[in-house]
Amino acid sequence: MDEFLKSIEKKIVKLSFKQQILFGVLSCEKLLPNYRQFSSAVNWGNIEILEEAIVMIYQYLQDIELNEGELDSIYEKIIEITPNVENFEGDLAAYALDTCSAVADAVEFLLSEDQSYVLNIASIVRDTIDMFIQESEELDIADENADQKIVQHEYMKRETKRQHEILRRLLGAEIDLPFISAMRDLNNSYGPIIELSLVS
């Protein structure tokens, strides 16, 4: 595990189950525009299924009961709309795949309460940005300075700050509707995680 994930894990393990869920779903929401762009560009997929999953998770956080069958059903729907990158040209499918993987992990977390799924979500968001930086900056991975360039890139620095700020605010917080709304506003204030206009 790299230093980024170690630092995130140290904070995640201190959170309650609901706090961990909120961290995960906020991160999933940052990825939704990537799937929406992909679906619109290739006329394939269904963003509404991912949005439905997000709504279900927020309902759970507000103590609206979800049964296992509902969670299993939405999970299967997510799998159905997850693109096989080999079937699509360009880079958008890879970003859409990451989005589906993160939302699926959020649903899996509700079912299993295995916090490794939350760590996976944090990692997926970071990997999405890593991929974007490599492509948009045309980085040569053979370059021994490539990793440092990625870490120092404005998008990666902003995402690292977002994740740590949210984790800091979650610690000890009561997960009620006003707090959820405030956290979603904070999440949105960080802007898009990648510049979709640069992705083809």
# chains A, B, ... in the order shown; residues from 1 in each chain; ligands from 1

$ residues_around --residues "region 38-40 of chain A" --least-positions-apart "4" --cutoff "6 Å" --atoms "only C-alpha atoms" --output "list of chain:residue names"
A:Trp44, A:Gly45, A:Leu92

$ residues_around --residues "region 30-34 of chain A" --least-positions-apart "4" --cutoff "6 Å" --atoms "only C-alpha atoms" --output "ChimeraX atom specification"
/A:95-96,99

$ closest_residue --among "A:Ile133, A:Leu177, A:Ile193, A:Ala122" --to "Gln20 (chain A)" --atoms "only C-alpha atoms"
A:Ala122

$ atom_distance --atom1 "CA of Leu97 (chain A)" --atom2 "CA of Ile78 (chain A)"
10.3 Å

$ select_by_dssp --residues "region 53-139 of chain A" --states "helix (DSSP H, G or I)" --output "ChimeraX atom specification"
/A:53-61,68-80,85-87,92-112,116-136

$ closest_atom_pairs --of "region 109-176 of chain A" --to "region 14-18 of chain A" --cutoff "8 Å" --atoms "only C-alpha atoms" --output "Markdown table"
| residue | atom | partner | partner_atom | distance |
| --- | --- | --- | --- | --- |
| A:Glu113 | CA | A:Phe17 | CA | 7.3 |
| A:Leu170 | CA | A:Leu15 | CA | 7.3 |
| A:Leu171 | CA | A:Leu15 | CA | 5.9 |
| A:Gly172 | CA | A:Leu15 | CA | 7.5 |
| A:Ile175 | CA | A:Lys18 | CA | 7.0 |

$ write_last_selection --atoms "all heavy atoms" --output "PDB file, in the first residue's frame"
ATOM      1  N   GLU A 113     -20.056  -4.396   5.199  1.00  0.00           N
ATOM      2  CA  GLU A 113     -19.428  -3.583   6.244  1.00  0.00           C
ATOM      3  C   GLU A 113     -17.911  -3.809   6.303  1.00  0.00           C
ATOM      4  O   GLU A 113     -17.273  -3.587   7.335  1.00  0.00           O
ATOM      5  CB  GLU A 113     -20.073  -3.831   7.617  1.00  0.00           C
ATOM      6  CG  GLU A 113     -21.550  -3.485   7.649  1.00  0.00           C
ATOM      7  CD  GLU A 113     -22.138  -3.497   9.046  1.00  0.00           C
ATOM      8  OE1 GLU A 113     -21.379  -3.352  10.026  1.00  0.00           O
ATOM      9  OE2 GLU A 113     -23.370  -3.641   9.151  1.00  0.00           O
ATOM     10  N   LEU A 170     -15.527  14.503   9.183  1.00  0.00           N
ATOM     11  CA  LEU A 170     -16.384  13.370   9.545  1.00  0.00           C
ATOM     12  C   LEU A 170     -16.114  12.863  10.954  1.00  0.00           C
ATOM     13  O   LEU A 170     -17.034  12.390  11.631  1.00  0.00           O
ATOM     14  CB  LEU A 170     -16.172  12.221   8.556  1.00  0.00           C
ATOM     15  CG  LEU A 170     -16.838  12.354   7.193  1.00  0.00           C
ATOM     16  CD1 LEU A 170     -16.338  11.263   6.254  1.00  0.00           C
ATOM     17  CD2 LEU A 170     -18.349  12.281   7.317  1.00  0.00           C
ATOM     18  N   LEU A 171     -14.879  12.948  11.393  1.00  0.00           N
ATOM     19  CA  LEU A 171     -14.496  12.379  12.686  1.00  0.00           C
ATOM     20  C   LEU A 171     -15.319  13.004  13.811  1.00  0.00           C
ATOM     21  O   LEU A 171     -15.291  14.205  14.033  1.00  0.00           O
ATOM     22  CB  LEU A 171     -12.998  12.602  12.937  1.00  0.00           C
ATOM     23  CG  LEU A 171     -12.419  11.902  14.167  1.00  0.00           C
ATOM     24  CD1 LEU A 171     -12.556  10.389  14.047  1.00  0.00           C
ATOM     25  CD2 LEU A 171     -10.955  12.279  14.354  1.00  0.00           C
ATOM     26  N   GLY A 172     -16.101  12.167  14.478  1.00  0.00           N
ATOM     27  CA  GLY A 172     -16.907  12.632  15.603  1.00  0.00           C
ATOM     28  C   GLY A 172     -18.222  13.292  15.223  1.00  0.00           C
ATOM     29  O   GLY A 172     -18.991  13.685  16.105  1.00  0.00           O
ATOM     30  N   ILE A 175     -24.196  12.014  11.801  1.00  0.00           N
ATOM     31  CA  ILE A 175     -24.613  11.965  10.404  1.00  0.00           C
ATOM     32  C   ILE A 175     -26.115  12.199  10.318  1.00  0.00           C
ATOM     33  O   ILE A 175     -26.935  11.276  10.384  1.00  0.00           O
ATOM     34  CB  ILE A 175     -24.228  10.619   9.748  1.00  0.00           C
ATOM     35  CG1 ILE A 175     -22.741  10.334   9.946  1.00  0.00           C
ATOM     36  CG2 ILE A 175     -24.574  10.640   8.259  1.00  0.00           C
ATOM     37  CD1 ILE A 175     -21.809  11.385   9.382  1.00  0.00           C
TER      38      ILE A 175
END

$ closest_residue --among "A:Ile21, A:Ala146, A:Cys28, A:Ile79" --to "Gln62 (chain A)" --atoms "only C-alpha atoms"
A:Ile21

$ closest_residue --among "A:Asp147, A:Glu68, A:Glu76, A:Asp176" --to "Leu50 (chain A)" --atoms "only C-alpha atoms"
A:Glu76

$ closest_residue --among "A:Ala93, A:Met56, A:Leu186, A:Gln37" --to "Ser73 (chain A)" --atoms "only C-alpha atoms"
A:Met56

$ atom_distance --atom1 "CA of Tyr60 (chain A)" --atom2 "CA of Tyr75 (chain A)"
15.3 Å

$ closest_residue --among "A:Arg126, A:Arg169, A:Lys10, A:Arg184" --to "Lys157 (chain A)" --atoms "only C-alpha atoms"
A:Arg126

$ closest_residue --among "A:Glu3, A:Val118, A:Lys77, A:Ile150" --to "Leu167 (chain A)" --atoms "only C-alpha atoms"
A:Val118

$ atom_distance --atom1 "CA of Asn46 (chain A)" --atom2 "CA of Pro83 (chain A)"
10.6 Å

$ residues_around --residues "Gln134 (chain A)" --least-positions-apart "4" --cutoff "12 Å" --atoms "only C-alpha atoms" --output "ChimeraX atom specification"
/A:91,127-130,138-143,146-151,153,155-156,194,198-199

$ residues_around --residues "Ser116 (chain A)" --least-positions-apart "5" --cutoff "10 Å" --atoms "only C-alpha atoms" --output "MDAnalysis selection string"
chainID A and resid 9 12:13 105 109 121:122

$ decode --residues "region 54-191 of chain A" --atoms "C-alpha atoms" --output "mmCIF file, in the first residue's frame"
data_model
loop_
_atom_site.group_PDB
_atom_site.id
_atom_site.type_symbol
_atom_site.label_atom_id
_atom_site.label_comp_id
_atom_site.auth_asym_id
_atom_site.auth_seq_id
_atom_site.Cartn_x
_atom_site.Cartn_y
_atom_site.Cartn_z
ATOM 1 C CA ILE A 54 -26.348 7.067 -4.773
ATOM 2 C CA VAL A 55 -29.868 8.040 -3.647
ATOM 3 C CA MET A 56 -30.295 4.665 -1.932
ATOM 4 C CA ILE A 57 -27.054 5.164 -0.017
ATOM 5 C CA TYR A 58 -28.143 8.616 1.150
ATOM 6 C CA GLN A 59 -31.490 7.141 2.194
ATOM 7 C CA TYR A 60 -29.641 4.582 4.286
ATOM 8 C CA LEU A 61 -27.702 7.374 5.960
ATOM 9 C CA GLN A 62 -31.053 8.948 6.909
ATOM 10 C CA ASP A 63 -32.219 5.664 8.489
ATOM 11 C CA ILE A 64 -34.531 4.724 5.611
ATOM 12 C CA GLU A 65 -34.391 0.955 5.688
ATOM 13 C CA LEU A 66 -32.955 -0.887 2.698
ATOM 14 C CA ASN A 67 -33.235 -4.637 2.407
ATOM 15 C CA GLU A 68 -30.553 -6.891 1.017
ATOM 16 C CA GLY A 69 -32.650 -7.680 -2.060
ATOM 17 C CA GLU A 70 -32.768 -4.000 -3.063
ATOM 18 C CA LEU A 71 -29.023 -3.674 -2.683
ATOM 19 C CA ASP A 72 -28.378 -6.889 -4.614
ATOM 20 C CA SER A 73 -30.682 -5.680 -7.386
ATOM 21 C CA ILE A 74 -29.014 -2.288 -7.816
ATOM 22 C CA TYR A 75 -25.606 -3.967 -7.714
ATOM 23 C CA GLU A 76 -26.587 -6.259 -10.602
ATOM 24 C CA LYS A 77 -27.862 -3.268 -12.568
ATOM 25 C CA ILE A 78 -24.537 -1.481 -12.065
ATOM 26 C CA ILE A 79 -22.687 -4.517 -13.412
ATOM 27 C CA GLU A 80 -24.938 -4.490 -16.492
ATOM 28 C CA ILE A 81 -24.084 -0.867 -17.327
ATOM 29 C CA THR A 82 -20.354 -1.204 -16.627
ATOM 30 C CA PRO A 83 -18.489 -0.846 -19.933
ATOM 31 C CA ASN A 84 -15.970 -3.309 -21.272
ATOM 32 C CA VAL A 85 -13.233 -0.898 -22.349
ATOM 33 C CA GLU A 86 -12.283 -3.160 -25.244
ATOM 34 C CA ASN A 87 -15.659 -2.457 -26.849
ATOM 35 C CA PHE A 88 -15.220 1.314 -27.011
ATOM 36 C CA GLU A 89 -12.728 3.677 -28.612
ATOM 37 C CA GLY A 90 -11.057 6.496 -26.706
ATOM 38 C CA ASP A 91 -10.419 6.979 -23.007
ATOM 39 C CA LEU A 92 -13.924 7.752 -21.745
ATOM 40 C CA ALA A 93 -14.832 4.094 -21.230
ATOM 41 C CA ALA A 94 -11.981 3.663 -18.752
ATOM 42 C CA TYR A 95 -13.246 6.612 -16.706
ATOM 43 C CA ALA A 96 -16.795 5.217 -16.855
ATOM 44 C CA LEU A 97 -15.492 1.833 -15.686
ATOM 45 C CA ASP A 98 -13.877 3.503 -12.679
ATOM 46 C CA THR A 99 -17.164 5.227 -11.838
ATOM 47 C CA CYS A 100 -19.121 1.968 -11.921
ATOM 48 C CA SER A 101 -16.462 0.186 -9.878
ATOM 49 C CA ALA A 102 -16.608 2.839 -7.157
ATOM 50 C CA VAL A 103 -20.412 2.871 -6.911
ATOM 51 C CA ALA A 104 -20.498 -0.938 -6.907
ATOM 52 C CA ASP A 105 -17.967 -0.914 -4.062
ATOM 53 C CA ALA A 106 -20.172 1.519 -2.116
ATOM 54 C CA VAL A 107 -23.103 -0.888 -2.430
ATOM 55 C CA GLU A 108 -20.863 -3.812 -1.476
ATOM 56 C CA PHE A 109 -19.797 -1.870 1.608
ATOM 57 C CA LEU A 110 -23.398 -1.546 2.773
ATOM 58 C CA LEU A 111 -23.819 -5.300 2.358
ATOM 59 C CA SER A 112 -20.555 -6.414 3.930
ATOM 60 C CA GLU A 113 -19.428 -3.583 6.244
ATOM 61 C CA ASP A 114 -15.904 -4.430 5.068
ATOM 62 C CA GLN A 115 -14.044 -1.109 5.184
ATOM 63 C CA SER A 116 -11.629 -2.260 2.470
ATOM 64 C CA TYR A 117 -14.378 -1.241 0.034
ATOM 65 C CA VAL A 118 -14.182 2.355 1.270
ATOM 66 C CA LEU A 119 -10.430 2.333 0.795
ATOM 67 C CA ASN A 120 -10.984 0.941 -2.716
ATOM 68 C CA ILE A 121 -13.229 3.900 -3.535
ATOM 69 C CA ALA A 122 -10.582 6.392 -2.387
ATOM 70 C CA SER A 123 -8.044 4.523 -4.500
ATOM 71 C CA ILE A 124 -10.285 4.454 -7.593
ATOM 72 C CA VAL A 125 -10.776 8.223 -7.481
ATOM 73 C CA ARG A 126 -7.043 8.722 -7.145
ATOM 74 C CA ASP A 127 -6.384 6.272 -10.018
ATOM 75 C CA THR A 128 -8.868 8.142 -12.234
ATOM 76 C CA ILE A 129 -6.939 11.364 -11.693
ATOM 77 C CA ASP A 130 -3.625 9.570 -12.174
ATOM 78 C CA MET A 131 -4.845 8.286 -15.560
ATOM 79 C CA PHE A 132 -6.067 11.741 -16.561
ATOM 80 C CA ILE A 133 -2.745 13.386 -15.683
ATOM 81 C CA GLN A 134 -0.772 10.768 -17.594
ATOM 82 C CA GLU A 135 -2.921 11.243 -20.699
ATOM 83 C CA SER A 136 -3.378 15.013 -20.617
ATOM 84 C CA GLU A 137 0.280 15.717 -19.818
ATOM 85 C CA GLU A 138 1.515 12.926 -22.128
ATOM 86 C CA LEU A 139 3.756 11.632 -19.367
ATOM 87 C CA ASP A 140 6.280 8.936 -20.072
ATOM 88 C CA ILE A 141 5.927 6.386 -17.272
ATOM 89 C CA ALA A 142 9.544 5.375 -17.923
ATOM 90 C CA ASP A 143 10.463 8.866 -16.703
ATOM 91 C CA GLU A 144 11.809 8.454 -13.174
ATOM 92 C CA ASN A 145 10.152 11.758 -12.250
ATOM 93 C CA ALA A 146 6.704 10.755 -13.540
ATOM 94 C CA ASP A 147 5.322 9.774 -10.130
ATOM 95 C CA GLN A 148 6.438 13.033 -8.586
ATOM 96 C CA LYS A 149 4.904 15.025 -11.447
ATOM 97 C CA ILE A 150 1.596 13.247 -10.859
ATOM 98 C CA VAL A 151 1.672 13.867 -7.096
ATOM 99 C CA GLN A 152 2.444 17.560 -7.643
ATOM 100 C CA HIS A 153 -0.189 18.090 -10.343
ATOM 101 C CA GLU A 154 -2.924 20.561 -9.358
ATOM 102 C CA TYR A 155 -5.728 18.001 -9.829
ATOM 103 C CA MET A 156 -4.033 15.406 -7.627
ATOM 104 C CA LYS A 157 -3.176 17.940 -4.948
ATOM 105 C CA ARG A 158 -6.766 19.160 -4.913
ATOM 106 C CA GLU A 159 -8.159 15.621 -4.618
ATOM 107 C CA THR A 160 -5.767 14.723 -1.823
ATOM 108 C CA LYS A 161 -6.884 17.854 0.020
ATOM 109 C CA ARG A 162 -10.577 17.010 -0.592
ATOM 110 C CA GLN A 163 -10.304 13.510 0.825
ATOM 111 C CA HIS A 164 -8.358 14.570 3.915
ATOM 112 C CA GLU A 165 -10.653 17.550 4.575
ATOM 113 C CA ILE A 166 -13.769 15.388 4.404
ATOM 114 C CA LEU A 167 -12.233 12.724 6.639
ATOM 115 C CA ARG A 168 -11.249 15.393 9.149
ATOM 116 C CA ARG A 169 -14.776 16.799 9.287
ATOM 117 C CA LEU A 170 -16.384 13.370 9.545
ATOM 118 C CA LEU A 171 -14.496 12.379 12.686
ATOM 119 C CA GLY A 172 -16.907 12.632 15.603
ATOM 120 C CA ALA A 173 -19.709 14.105 13.469
ATOM 121 C CA GLU A 174 -23.352 13.108 13.801
ATOM 122 C CA ILE A 175 -24.613 11.965 10.404
ATOM 123 C CA ASP A 176 -27.913 13.823 10.006
ATOM 124 C CA LEU A 177 -29.478 15.616 7.031
ATOM 125 C CA PRO A 178 -28.013 19.095 7.742
ATOM 126 C CA PHE A 179 -24.518 17.607 8.081
ATOM 127 C CA ILE A 180 -24.940 15.516 4.928
ATOM 128 C CA SER A 181 -26.064 18.627 2.999
ATOM 129 C CA ALA A 182 -23.104 20.637 4.304
ATOM 130 C CA MET A 183 -20.691 17.877 3.321
ATOM 131 C CA ARG A 184 -22.157 17.629 -0.184
ATOM 132 C CA ASP A 185 -21.732 21.394 -0.563
ATOM 133 C CA LEU A 186 -18.119 21.094 0.573
ATOM 134 C CA ASN A 187 -17.599 18.198 -1.833
ATOM 135 C CA ASN A 188 -18.972 20.233 -4.738
ATOM 136 C CA SER A 189 -16.813 23.217 -3.842
ATOM 137 C CA TYR A 190 -13.719 21.295 -4.917
ATOM 138 C CA GLY A 191 -14.898 21.285 -8.539
#
